[in-house]
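The structure appears below as structure tokens.
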Amino acid sequence: MSDNYGQVRIALRNCGVIDPEKIGDYIAQGGYDALAKAIFEMTPAEIIDTVKKSGLRGRGGAGFPTGLKWELSGKSEGDEKYVMCNADEGDPGAFMDRSILEGDPHSVLEAMVICGRAIGARQGIIYIRAEYPLAVKRLQKAIGEAEELGLLGDDILGSGFDFGIRLYLGAGAFVCGEETSLMNSVQGGRGEPRIKPPFPAQAGLWKKPTNINNVETYANVCRIILNGWEWFRQFGTEKSPGTKVFALAGKVNNVGLVEVPMGMPLRHIIEVIGGGIQNGRKLKAVQTGGPSGGCIPEEHMDTPVDYESLVALGSIMGSGGMIVLDEDDCMVNIAQFYLKFTAEESCGKCTPCRIGNRRLLEILEKITTGGGAEKDMIDLDELGNIVRDCSLCGLGQSSPNPVLSTLKYFRDEYLVHVNDKRCPSKRCTALLRYFIMPEKCIGCTVCARNCPVSCISGERKKTHVIDQARCIKCNTCYEKCPVNAITKE
């Protein structure tokens with residue numbers, strides 16, 4: 001399961017190895033052996049104890065101990081209980097859960113049945129966004145195959161234990177990745193978070209005790225049941241055992257999914273597994289945790305990847321997004337990009353998130369268009385902390401992370417934007433100015449003929465000039481000039 005680059009495949013163990021549409025392939029790899037062991041060789045308490053001792057934490061972002069969540073659900077009184085799988089993966093550029101469902105759907109189904117056995121539930125629901133048609137198709141086929149073989153449905157493996165699974169297609173709201181918003185959606189309501197407590201383990205779906213984990217969390221369970229909790233703990237760290245799947249993207253040579261032991265340094269992931277930065281550019285930062293994550297500067301690249309270490313730096317693990325940024329990226333622009341996403345995706349239920357993020361976005365837009373002042377940086381910090389401390393759900397509480405982390409680590413960039421009205425990385429279009437260099441201009445008129453607002457003047461074979469008052473910064477002249485006579489500052 002390990003390769004020369006330090007990757008260890010547990011959650012992704014079967015992806016690319018088996019045909020996900022053939023249950024026989026999954027069984028040939030030891031599939032459903034864990035279920036048989038859980039039903040015939042273990043009591044519900046022993047199942048929960050094994051998961052607790054393994055130290056498996058929720059891979060959806062919060063990192064809550066999985067075994068403890070199962071224990072709380074099992075102890076809750078209720079004539080009916082539910083096992084839910086959160087497959088609403090909404091982070092831009094994230095495709096960890098989707099890849100597991102497309103490449104190894106039975107690993108999730110089997111784990112959900114084991115969870116049902118452990119907590120005393122008979123019904124499972126997978127909440128998956130409709131934008132994942134291949135994952136939906138393969139899950140439906142996998143459910144049908146498992147039912148035919150008596151691995152799902154009534155009297156599983158002749159044990160008398162009944163457990164069924166059905167799919168619920170979500171409409172793509174980012175907030176439905178939050179567990180209580182997801183449950184409201186399943187019940188036909190708006191995707192809005194609930195006030196906690198009570199927690200889902202006490203009163204979840206239809207106010208019944210409900211255990212909810214995400215796809216990657218369930219994908220680890222069967223290996224833990226089969227191999228034992230000690231085996232799982234040999235990977236990762238004391239507080240963060242096991243592995244984590246990341247969607248490595250951005251300015252790195254090798255993009256795609258990686259699965260590494262918890263505690264591996266960020267630098268190893270980027271430089272060794274990722275193959276370093278594209279085009280020999282310099283690493284500037286890594287954004288972890290999706291839109292609600294923070295930006296970690298190059299000076300902290302030797303930080304181990306685990307829950308506590310990332311939080312200490314002002315970021316989060318999240319579901320596993322990891323965007324690599326190089327010296328050409330503007331950190332103010334990056335913060336604005338992510339905040340725009342979270343502001344648009346806010347469900348609007350609580351004022352700090354609904355209004356606070358809009359005000360944060362307005363301040364960032366003011367800074368990136370040349371109207372900023374140093375007081376705006378103070379306002380960003382104060383308001384960001386208010387949104388973080390006062391929002392109702394985890395998504396709102398983490399939404400200011402891109403702003404607060406870039407303010408902390410890249411303050412100089414903010415100062416250049418507000419004081420010099422300049423973007424050092426040349427990413428903030430409104431702050432750019434285009435100039436024609438006299439020593440290079442040959443007067444070919446290509447720039448003038450292609451300018452959409454006719455703001456370039458000059459005679460043929462003589463130096464041309466750009467009217468700054470009329471220039472719309474469209475970049476056309478820069479792209480069309482045949483002799484690279486145009487510069488932007």
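The way I read the labels, and the way they are meant: chains A, B, ... in the order of the structure tokens, residue 1 as the first residue of every chain, and ligand 1 as the first ligand shown, with later ones counted on from there.
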Please give the complete set of residues from range 183-225 of chain A that DSSP, run on the backbone, assigns to strand (DSSP E or B), formatted as a list in words. Thr210, Asn211, Ile212, Asn213 and Asn214 of chain A
**Q.** Selection: 12 Å around Leu12 in chain A, only C-alpha atoms, excl. self and same-chain fewer than 2 positions, as a PyMOL selection string
**A.** chain A and resi 1-2+7-10+14-18+96-105+107-108+215-220+223+243-246+257-260
message: Please list as an NGL selection string every residue within 12 Å of range 155-159 of chain A, counting only C-alpha atoms and excluding residues in the same chain fewer than 2 positions away.
response: :A and (32-33 or 35-41 or 110 or 113-114 or 116-117 or 122 or 146-153 or 161-164)
Of A:Glu298, A:Asp328, A:Asp88, A:Glu479, the one sitting nearest Gly280 in chain A when using only C-alpha atoms is A:Asp328
Any chance you could tabulate, as CSV, the residues of range 315-361 of chain A at most 10 Å from range 378-381 of chain A with each one's nearest atom pair and distance in Å to one decimal, using only C-alpha atoms, in chain and rising number order?
residue,atom,partner,partner_atom,distance
A:Arg359,CA,A:Leu380,CA,8.8
A:Leu360,CA,A:Leu380,CA,6.2
A:Leu361,CA,A:Leu380,CA,9.2
If you count only C-alpha atoms, which residues fall within 7 Å of Ser292 in chain A, apart from same-chain ones fewer than 5 positions away, as a list in words? Leu395, Ser398, Ser399, Pro400, Asn401 and Pro402 of chain A
Exercise for review: Report the residues of range 141-321 of chain A whose backbone DSSP state falls under helix (DSSP H, G or I), written as a PyMOL selection string.
Suggested key: chain A and resi 141-148+156-158+174-177+179-186+200-203+205-207+215-227+229-233+266-273+278-280+290-292+298-300+307-312
message = Give me the residues near Tyr82 in chain A as a ChimeraX atom specification, where near means some atom within 12 Å (using only C-alpha atoms) and where sequence neighbours in that chain fewer than 5 positions away do not count.
response = /A:70,73-74,76,112-113,115-126,163-166,183,200-213
Prev. selection, N, CA, C and O atoms, output as a CSV table (one decimal), in the first residue's frame:
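Full text of selection.csv as output:
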chain,number,residue,atom,x,y,z
A,70,TRP,N,-20.0,7.4,16.9
A,70,TRP,CA,-20.8,6.2,16.8
A,70,TRP,C,-21.3,5.8,18.2
A,70,TRP,O,-22.4,5.3,18.3
A,73,SER,N,-24.3,7.9,19.2
A,73,SER,CA,-25.5,7.5,18.4
A,73,SER,C,-26.0,6.2,19.0
A,73,SER,O,-27.2,6.0,19.0
A,74,GLY,N,-25.1,5.3,19.3
A,74,GLY,CA,-25.6,4.0,19.8
A,74,GLY,C,-26.3,4.1,21.1
A,74,GLY,O,-27.2,3.4,21.4
A,76,SER,N,-27.9,6.7,22.3
A,76,SER,CA,-29.1,7.5,22.3
A,76,SER,C,-30.4,6.7,22.1
A,76,SER,O,-30.4,5.7,21.3
A,112,MET,N,-21.1,1.5,6.0
A,112,MET,CA,-22.4,2.1,6.5
A,112,MET,C,-23.2,0.9,7.1
A,112,MET,O,-23.9,1.1,8.1
A,113,VAL,N,-23.2,-0.3,6.5
A,113,VAL,CA,-23.9,-1.4,7.1
A,113,VAL,C,-23.2,-1.7,8.5
A,113,VAL,O,-23.9,-2.0,9.5
A,115,CYS,N,-21.7,0.3,10.5
A,115,CYS,CA,-22.1,1.4,11.4
A,115,CYS,C,-23.5,1.1,11.9
A,115,CYS,O,-23.8,1.3,13.0
A,116,GLY,N,-24.4,0.7,10.9
A,116,GLY,CA,-25.8,0.4,11.3
A,116,GLY,C,-25.9,-0.7,12.3
A,116,GLY,O,-26.6,-0.6,13.3
A,117,ARG,N,-25.0,-1.7,12.1
A,117,ARG,CA,-25.0,-2.8,13.1
A,117,ARG,C,-24.5,-2.3,14.5
A,117,ARG,O,-25.0,-2.7,15.5
A,118,ALA,N,-23.5,-1.4,14.4
A,118,ALA,CA,-22.9,-0.9,15.7
A,118,ALA,C,-23.8,-0.1,16.5
A,118,ALA,O,-23.9,-0.1,17.7
A,119,ILE,N,-24.6,0.8,15.8
A,119,ILE,CA,-25.4,1.8,16.6
A,119,ILE,C,-26.9,1.4,16.7
A,119,ILE,O,-27.7,2.0,17.4
A,120,GLY,N,-27.3,0.3,16.0
A,120,GLY,CA,-28.7,-0.2,16.0
A,120,GLY,C,-29.6,0.5,15.0
A,120,GLY,O,-30.8,0.7,15.3
A,121,ALA,N,-29.0,0.8,13.9
A,121,ALA,CA,-29.8,1.5,12.8
A,121,ALA,C,-30.2,0.5,11.7
A,121,ALA,O,-29.4,-0.5,11.5
A,122,ARG,N,-31.3,0.7,11.0
A,122,ARG,CA,-31.7,-0.2,9.9
A,122,ARG,C,-31.8,0.5,8.6
A,122,ARG,O,-32.1,-0.1,7.6
A,123,GLN,N,-31.5,1.8,8.6
A,123,GLN,CA,-31.7,2.6,7.4
A,123,GLN,C,-30.5,3.5,7.1
A,123,GLN,O,-30.1,4.2,8.1
A,124,GLY,N,-29.9,3.5,5.9
A,124,GLY,CA,-28.8,4.4,5.6
A,124,GLY,C,-29.2,5.3,4.4
A,124,GLY,O,-30.0,4.9,3.5
A,125,ILE,N,-28.7,6.5,4.4
A,125,ILE,CA,-28.9,7.5,3.4
A,125,ILE,C,-27.6,8.1,2.9
A,125,ILE,O,-26.8,8.5,3.8
A,126,ILE,N,-27.4,8.1,1.6
A,126,ILE,CA,-26.2,8.8,1.1
A,126,ILE,C,-26.7,10.1,0.4
A,126,ILE,O,-27.5,10.0,-0.5
A,163,PHE,N,-30.7,-4.0,6.9
A,163,PHE,CA,-30.2,-2.6,6.7
A,163,PHE,C,-30.3,-2.3,5.2
A,163,PHE,O,-29.7,-3.0,4.4
A,164,GLY,N,-31.0,-1.2,4.9
A,164,GLY,CA,-31.1,-0.8,3.5
A,164,GLY,C,-30.5,0.6,3.4
A,164,GLY,O,-30.3,1.4,4.3
A,165,ILE,N,-30.1,0.9,2.1
A,165,ILE,CA,-29.4,2.2,1.8
A,165,ILE,C,-30.1,2.8,0.6
A,165,ILE,O,-30.4,2.1,-0.4
A,166,ARG,N,-30.4,4.1,0.6
A,166,ARG,CA,-30.9,4.8,-0.5
A,166,ARG,C,-30.2,6.1,-0.7
A,166,ARG,O,-29.5,6.6,0.2
A,183,MET,N,-29.3,17.5,6.6
A,183,MET,CA,-30.5,16.8,7.1
A,183,MET,C,-31.7,17.6,6.8
A,183,MET,O,-32.8,17.0,6.5
A,200,PRO,N,-26.7,15.8,16.1
A,200,PRO,CA,-27.4,14.7,15.3
A,200,PRO,C,-27.4,13.3,16.0
A,200,PRO,O,-28.4,12.6,15.8
A,201,ALA,N,-26.4,13.0,16.7
A,201,ALA,CA,-26.4,11.7,17.4
A,201,ALA,C,-27.5,11.6,18.4
A,201,ALA,O,-28.0,10.5,18.8
A,202,GLN,N,-28.1,12.8,18.8
A,202,GLN,CA,-29.2,12.7,19.8
A,202,GLN,C,-30.5,13.0,19.1
A,202,GLN,O,-31.5,12.3,19.3
A,203,ALA,N,-30.5,13.9,18.2
A,203,ALA,CA,-31.8,14.3,17.4
A,203,ALA,C,-31.3,14.8,16.0
A,203,ALA,O,-31.1,16.0,15.9
A,204,GLY,N,-31.2,13.9,15.1
A,204,GLY,CA,-30.8,14.2,13.8
A,204,GLY,C,-31.9,14.2,12.7
A,204,GLY,O,-32.8,15.0,12.8
A,205,LEU,N,-31.8,13.3,11.8
A,205,LEU,CA,-32.8,13.2,10.7
A,205,LEU,C,-34.2,12.9,11.3
A,205,LEU,O,-34.3,11.9,12.1
A,206,TRP,N,-35.2,13.7,11.0
A,206,TRP,CA,-36.5,13.5,11.6
A,206,TRP,C,-36.5,13.4,13.1
A,206,TRP,O,-37.3,12.7,13.7
A,207,LYS,N,-35.5,14.1,13.7
A,207,LYS,CA,-35.3,14.2,15.2
A,207,LYS,C,-35.0,12.8,15.8
A,207,LYS,O,-35.2,12.6,17.0
A,208,LYS,N,-34.5,11.9,14.9
A,208,LYS,CA,-34.1,10.6,15.4
A,208,LYS,C,-32.6,10.6,15.5
A,208,LYS,O,-31.9,11.3,14.8
A,209,PRO,N,-32.0,9.7,16.4
A,209,PRO,CA,-30.6,9.6,16.5
A,209,PRO,C,-30.0,9.3,15.2
A,209,PRO,O,-30.4,8.3,14.5
A,210,THR,N,-29.0,10.0,14.8
A,210,THR,CA,-28.4,9.9,13.4
A,210,THR,C,-26.9,10.0,13.5
A,210,THR,O,-26.3,10.9,14.1
A,211,ASN,N,-26.2,9.0,12.9
A,211,ASN,CA,-24.8,9.1,12.7
A,211,ASN,C,-24.5,9.6,11.3
A,211,ASN,O,-25.0,9.0,10.3
A,212,ILE,N,-23.6,10.6,11.2
A,212,ILE,CA,-23.3,11.1,9.9
A,212,ILE,C,-21.8,11.2,9.8
A,212,ILE,O,-21.1,11.8,10.6
A,213,ASN,N,-21.2,10.6,8.7
A,213,ASN,CA,-19.8,10.7,8.4
A,213,ASN,C,-19.7,11.0,6.9
A,213,ASN,O,-20.6,10.7,6.2
Return the single residue from A:Val311, A:Met377, A:Val252, A:Ile143 that is closest to Leu325 in chain A, with distances computed using only C-alpha atoms.
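The answer is A:Val252, which sits nearest to Leu325 in chain A.
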